[in-house]
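**Student:** Got a file for you: structure37.txt, compact mmCIF, C-alpha atoms.
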# COMPACT_ATOMS: atom_id res chain seq x y z
CA MET U 526 0.00 0.00 0.00
CA PHE U 527 1.29 3.40 -0.96
CA SER U 528 0.49 6.83 0.42
CA TYR U 529 -0.72 9.38 -2.12
CA GLY U 530 -1.66 13.04 -2.17
CA GLU U 531 -3.29 15.21 -4.80
CA GLU U 532 0.00 17.08 -5.31
CA MET U 533 1.34 13.92 -6.96
CA SER U 534 -1.05 14.25 -9.90
CA THR U 535 -0.26 16.08 -13.12
CA ASP U 536 -2.27 19.29 -12.83
CA PRO U 537 -4.49 20.48 -15.70
CA THR U 538 -2.15 23.28 -16.85
CA GLU U 539 0.82 20.96 -16.93
CA ALA U 540 -1.17 18.25 -18.69
CA GLN U 541 -2.23 20.67 -21.42
CA PHE U 542 1.36 21.89 -21.81
CA VAL U 543 2.68 18.33 -22.17
CA LYS U 544 -0.19 17.60 -24.57
CA MET U 545 0.87 20.60 -26.67
CA LEU U 546 4.51 19.41 -26.72
CA THR U 547 3.29 15.94 -27.72
CA PHE U 548 1.18 17.36 -30.54
CA MET U 549 4.15 19.41 -31.79
CA LYS U 550 6.54 16.43 -31.61
CA GLN U 551 4.10 13.86 -33.10
CA PRO U 552 5.85 10.87 -31.49
CA LYS U 553 5.02 7.27 -32.37
CA GLN U 554 6.22 5.80 -29.06
CA VAL U 555 5.94 7.64 -25.73
CA LEU U 556 7.22 6.45 -22.37
CA GLU U 557 5.79 7.84 -19.15
CA VAL U 558 7.81 7.06 -16.01
CA GLY U 559 5.36 7.50 -13.14
CA MET U 560 1.66 7.43 -14.03
CA PHE U 561 -0.37 7.89 -10.81
CA THR U 562 -3.97 8.61 -11.93
CA GLY U 563 -3.25 8.50 -15.66
CA TYR U 564 -4.28 12.12 -16.19
CA GLY U 565 -0.99 13.03 -17.87
CA ALA U 566 -1.02 9.81 -19.91
CA MET U 567 -4.48 10.53 -21.29
CA ALA U 568 -3.50 14.12 -22.17
CA ILE U 569 -0.54 12.71 -24.10
CA ALA U 570 -2.70 10.01 -25.72
CA GLU U 571 -5.10 12.69 -27.02
CA ALA U 572 -2.24 14.36 -28.92
CA LEU U 573 -0.72 11.20 -30.39
CA PRO U 574 -1.04 10.38 -34.07
CA ALA U 575 -3.45 7.53 -34.93
CA ASP U 576 -0.63 4.96 -34.77
CA GLY U 577 0.97 6.41 -31.62
CA LYS U 578 1.31 4.48 -28.36
CA ILE U 579 2.08 5.46 -24.77
CA THR U 580 3.61 3.09 -22.25
CA SER U 581 3.30 4.10 -18.59
CA LEU U 582 5.41 2.68 -15.79
CA ASP U 583 3.95 2.67 -12.29
CA ILE U 584 4.82 0.80 -9.12
CA ASP U 585 1.28 0.26 -7.84
CA PRO U 586 -0.82 -2.59 -9.32
CA PHE U 587 -3.98 -0.97 -7.92
CA LEU U 588 -3.37 2.12 -10.06
CA LYS U 589 -3.01 -0.02 -13.18
CA THR U 590 -6.39 -1.66 -12.51
CA TRP U 591 -8.01 1.64 -11.58
CA VAL U 592 -6.67 3.59 -14.60
CA GLU U 593 -7.61 0.80 -17.01
CA ASP U 594 -11.14 0.75 -15.60
CA VAL U 595 -11.52 4.54 -15.72
CA THR U 596 -10.16 4.83 -19.29
CA LYS U 597 -11.69 1.72 -20.87
CA ASP U 598 -14.34 3.79 -22.70
CA PHE U 599 -12.03 6.72 -23.44
CA PRO U 600 -11.46 6.93 -27.22
CA GLU U 601 -7.68 7.15 -26.83
CA GLY U 602 -7.49 4.52 -24.08
CA ALA U 603 -6.45 1.79 -26.53
CA LYS U 604 -3.20 3.67 -27.15
CA HIS U 605 -2.19 3.20 -23.50
CA GLU U 606 -0.24 0.29 -22.00
CA ILE U 607 0.67 0.12 -18.31
CA VAL U 608 3.67 -1.77 -16.94
CA VAL U 609 3.64 -2.42 -13.17
CA GLY U 610 6.75 -2.52 -11.04
CA PRO U 611 9.55 -0.31 -9.78
CA ALA U 612 10.48 1.93 -12.71
CA LEU U 613 14.16 0.95 -12.70
CA ASP U 614 13.17 -2.72 -12.94
CA SER U 615 10.60 -2.05 -15.66
CA LEU U 616 13.15 -0.07 -17.66
CA GLN U 617 15.24 -3.27 -17.83
CA THR U 618 12.40 -5.24 -19.42
CA ILE U 619 10.58 -2.90 -21.79
CA GLU U 620 11.46 -2.83 -25.47
CA GLY U 621 11.17 -0.18 -28.13
CA LYS U 622 12.60 3.14 -29.18
CA TYR U 623 10.86 6.12 -27.62
CA ASP U 624 10.69 9.54 -29.22
CA LEU U 625 9.10 11.23 -26.20
CA VAL U 626 9.68 10.47 -22.52
CA PHE U 627 7.78 12.10 -19.64
CA ILE U 628 9.39 11.54 -16.23
CA ASP U 629 7.37 12.29 -13.10
CA ALA U 630 8.25 9.63 -10.54
CA ASN U 631 10.76 9.13 -7.72
CA LYS U 632 12.89 12.29 -7.88
CA ALA U 633 15.87 10.47 -6.36
CA GLU U 634 15.93 8.13 -9.40
CA TYR U 635 15.62 10.63 -12.28
CA LYS U 636 19.30 10.32 -13.19
CA ALA U 637 19.16 6.51 -13.07
CA TYR U 638 16.05 6.52 -15.31
CA VAL U 639 17.78 8.51 -18.03
CA GLU U 640 21.05 6.58 -17.65
CA THR U 641 19.14 3.33 -18.14
CA LEU U 642 17.28 4.67 -21.17
CA LEU U 643 20.62 5.69 -22.71
CA GLU U 644 22.46 2.48 -21.77
CA ARG U 645 19.69 0.24 -23.12
CA ASP U 646 19.42 2.31 -26.29
CA LEU U 647 15.69 2.88 -25.79
CA LEU U 648 15.69 6.41 -27.21
CA GLN U 649 15.26 7.66 -30.75
CA LYS U 650 18.00 10.02 -31.90
CA ASP U 651 15.68 13.04 -31.77
CA VAL U 652 14.00 12.14 -28.45
CA MET U 653 12.39 14.78 -26.27
CA ILE U 654 12.68 14.03 -22.55
CA ILE U 655 10.41 16.01 -20.24
CA ALA U 656 11.45 15.77 -16.59
CA ASP U 657 8.86 17.21 -14.21
CA ASN U 658 9.71 18.94 -10.93
CA THR U 659 13.27 19.92 -11.84
CA LEU U 660 12.79 22.96 -9.63
CA TYR U 661 11.13 20.86 -6.89
CA VAL U 662 9.57 23.82 -5.06
CA GLY U 663 12.97 25.52 -4.80
CA TYR U 664 14.77 22.82 -2.82
CA PRO U 665 17.55 22.25 -5.40
CA MET U 666 18.50 25.92 -5.08
CA LEU U 667 18.51 26.09 -1.27
CA SER U 668 21.62 25.82 0.82
CA GLU U 669 22.37 22.27 1.91
CA THR U 670 22.21 23.46 5.52
CA TYR U 671 18.71 24.90 5.13
CA ASP U 672 16.49 23.32 7.78
CA THR U 673 13.79 21.47 5.86
CA GLN U 674 11.90 18.22 5.92
CA PRO U 675 14.53 15.47 5.47
CA ALA U 676 12.67 13.71 2.63
CA ARG U 677 12.20 16.94 0.69
CA ARG U 678 15.81 17.90 1.31
CA GLY U 679 16.92 14.51 -0.07
CA PHE U 680 14.74 14.86 -3.17
CA GLY U 681 15.94 18.44 -3.63
CA ASP U 682 19.57 17.31 -3.50
CA ALA U 683 18.84 14.51 -5.99
CA VAL U 684 17.12 16.93 -8.36
CA ARG U 685 20.06 19.34 -8.10
CA GLU U 686 22.43 16.49 -8.97
CA PHE U 687 20.19 15.43 -11.87
CA ASN U 688 20.02 18.98 -13.27
CA ALA U 689 23.83 19.32 -13.13
CA TRP U 690 24.29 15.88 -14.71
CA VAL U 691 21.95 16.76 -17.61
CA ARG U 692 23.68 20.13 -18.05
CA ASP U 693 27.11 18.47 -18.29
CA HIS U 694 26.12 15.36 -20.28
CA PRO U 695 27.58 15.41 -23.80
CA LYS U 696 24.51 13.76 -25.39
CA LEU U 697 21.82 15.82 -23.64
CA GLU U 698 20.62 19.40 -23.91
CA GLN U 699 18.74 21.17 -21.17
CA ALA U 700 15.95 23.69 -21.47
CA ARG U 701 14.13 24.70 -18.31
CA ILE U 702 10.69 26.04 -18.88
CA TYR U 703 9.11 28.02 -16.10
CA ILE U 704 5.35 28.33 -16.34
CA ILE U 705 3.70 31.14 -14.45
CA LEU U 706 -0.04 31.35 -14.74
CA THR U 707 -1.71 34.38 -13.25
CA LEU U 708 -5.47 34.27 -12.86
CA ARG U 709 -7.63 37.27 -12.04
CA SER U 710 -11.19 37.19 -10.83
So that I can check it, write out the structure of this file as structure tokens.

**Tutor:**
Amino acid sequence: MFSYGEEMSTDPTEAQFVKMLTFMKQPKQVLEVGMFTGYGAMAIAEALPADGKITSLDIDPFLKTWVEDVTKDFPEGAKHEIVVGPALDSLQTIEGKYDLVFIDANKAEYKAYVETLLERDLLQKDVMIIADNTLYVGYPMLSETYDTQPARRGFGDAVREFNAWVRDHPKLEQARIYIILTLRS
């Protein structure tokens, strides 16, 4: 049994942004690392070409059953496959060449996810990798001595390390996109 909170879900603005990127990229094979409620996966599925597929990795078998039940009548639901297990284990068993990857899972494993994708040659040459939470509510930018919740501090440190690794990796390019949405009543 896992503990979940609504903050773990892809929010509507983010889902629409990822959907727009998907539509612009027109990938045939998408990999989502970390599915949760499937909201992000369905946004991506809506933007896929007719022959496009999305494979989601999630650790919780309950979520697989739940998402499949919720999306069974969704027109794009047939484009979605769910693989259950720890993402690093699942990345050792999946096959294919992905042209879009959306990562929104265990922040401490982001670097290992991308390393595995590269090592197993699972990426198309022109792949777009979207890594969510690379700012992680500011924790990667805070001093290491800043008094915070230990789990958040650990994730913040891992995200900082991931960001630096991507920046310095000879095969990767980094573009951080900050989205600020101001609503007025």

**Student:** Counting only C-alpha atoms, what is within 6 Å of range 565-574 of chain U, bar same-chain residues fewer than 2 positions away, as a ChimeraX atom specification?

**Tutor:** /U:535,540,544,547-548,563,576-577,601

**Student:** Interatomic distance between CA of Asp682 in chain U and CA of Asp536 in chain U?

**Tutor:** 23.8 Å

**Student:** Using only C-alpha atoms, can you tell me which of U:Ile584, U:Ala633, U:Val543, U:Met653 comes closest to Ala700 in chain U?

**Tutor:**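 Closest residue, counting only C-alpha atoms: U:Met653.
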
**Student:** Provide an axis-aligned box for all listed atoms of range 553-556 of chain U, padding each side by 6 Å; report its centre and its edge lengths in Å to one decimal, as JSON.

**Tutor:**
{"center_x": 6.1, "center_y": 6.7, "center_z": -27.4, "size_x": 14.2, "size_y": 13.8, "size_z": 22.0}

**Student:** Which is closest to Pro586 in chain U among U:Ala603, U:Val609, U:Leu546, U:Ala637, if we use all atoms listed in the file?

**Tutor:** U:Val609

**Student:** Please indicate the distance in Å from CA of Gln541 in chain U to CA of Val684 in chain U, rounded to one decimal place.

**Tutor:**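 Calculated distance between CA of Gln541 in chain U and CA of Val684 in chain U is 23.6 Å.
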
**Student:** How far is it from CA of Met560 in chain U to CA of Asp693 in chain U, in Å with one decimal?

**Tutor:**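 Taking CA of Met560 in chain U as the start and CA of Asp693 in chain U as the end point, the length is 28.1 Å.
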
**Student:** Pull the neighbourhood of (15.2, 0.5, -6.1) for me: all residues within 12 Å in file coordinates, counting all atoms listed in the file, as a PyMOL selection string.

**Tutor:** chain U and resi 584+610-616+631+633-635+637-638

**Student:** Got a sec: who's within 6 Å of Gln554 in chain U, counting all atoms listed in the file, leaving out chain neighbours fewer than 3 positions off, as a list in words?

**Tutor:**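 Answer for this query is Gly577, Lys578, Ile579, Tyr623 and Asp624 of chain U.
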
**Student:** From the list U:Asp594, U:Glu644, U:Asp629, U:Asp651, which residue is nearest Leu582 in chain U when using all atoms listed in the file?

**Tutor:**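 Ranked by minimum distance to Leu582 in chain U, first place goes to U:Asp629.
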
**Student:** In the coordinate frame of the file, compute which residues have an atom within 12 Å of (20.7, 17.2, -11.0) when using all atoms listed in the file, and state them as JSON, numbers by chain.

**Tutor:** {"U": [632, 633, 634, 635, 636, 637, 639, 656, 658, 659, 660, 661, 664, 665, 666, 679, 680, 681, 682, 683, 684, 685, 686, 687, 688, 689, 690, 691, 692, 693, 694, 699]}
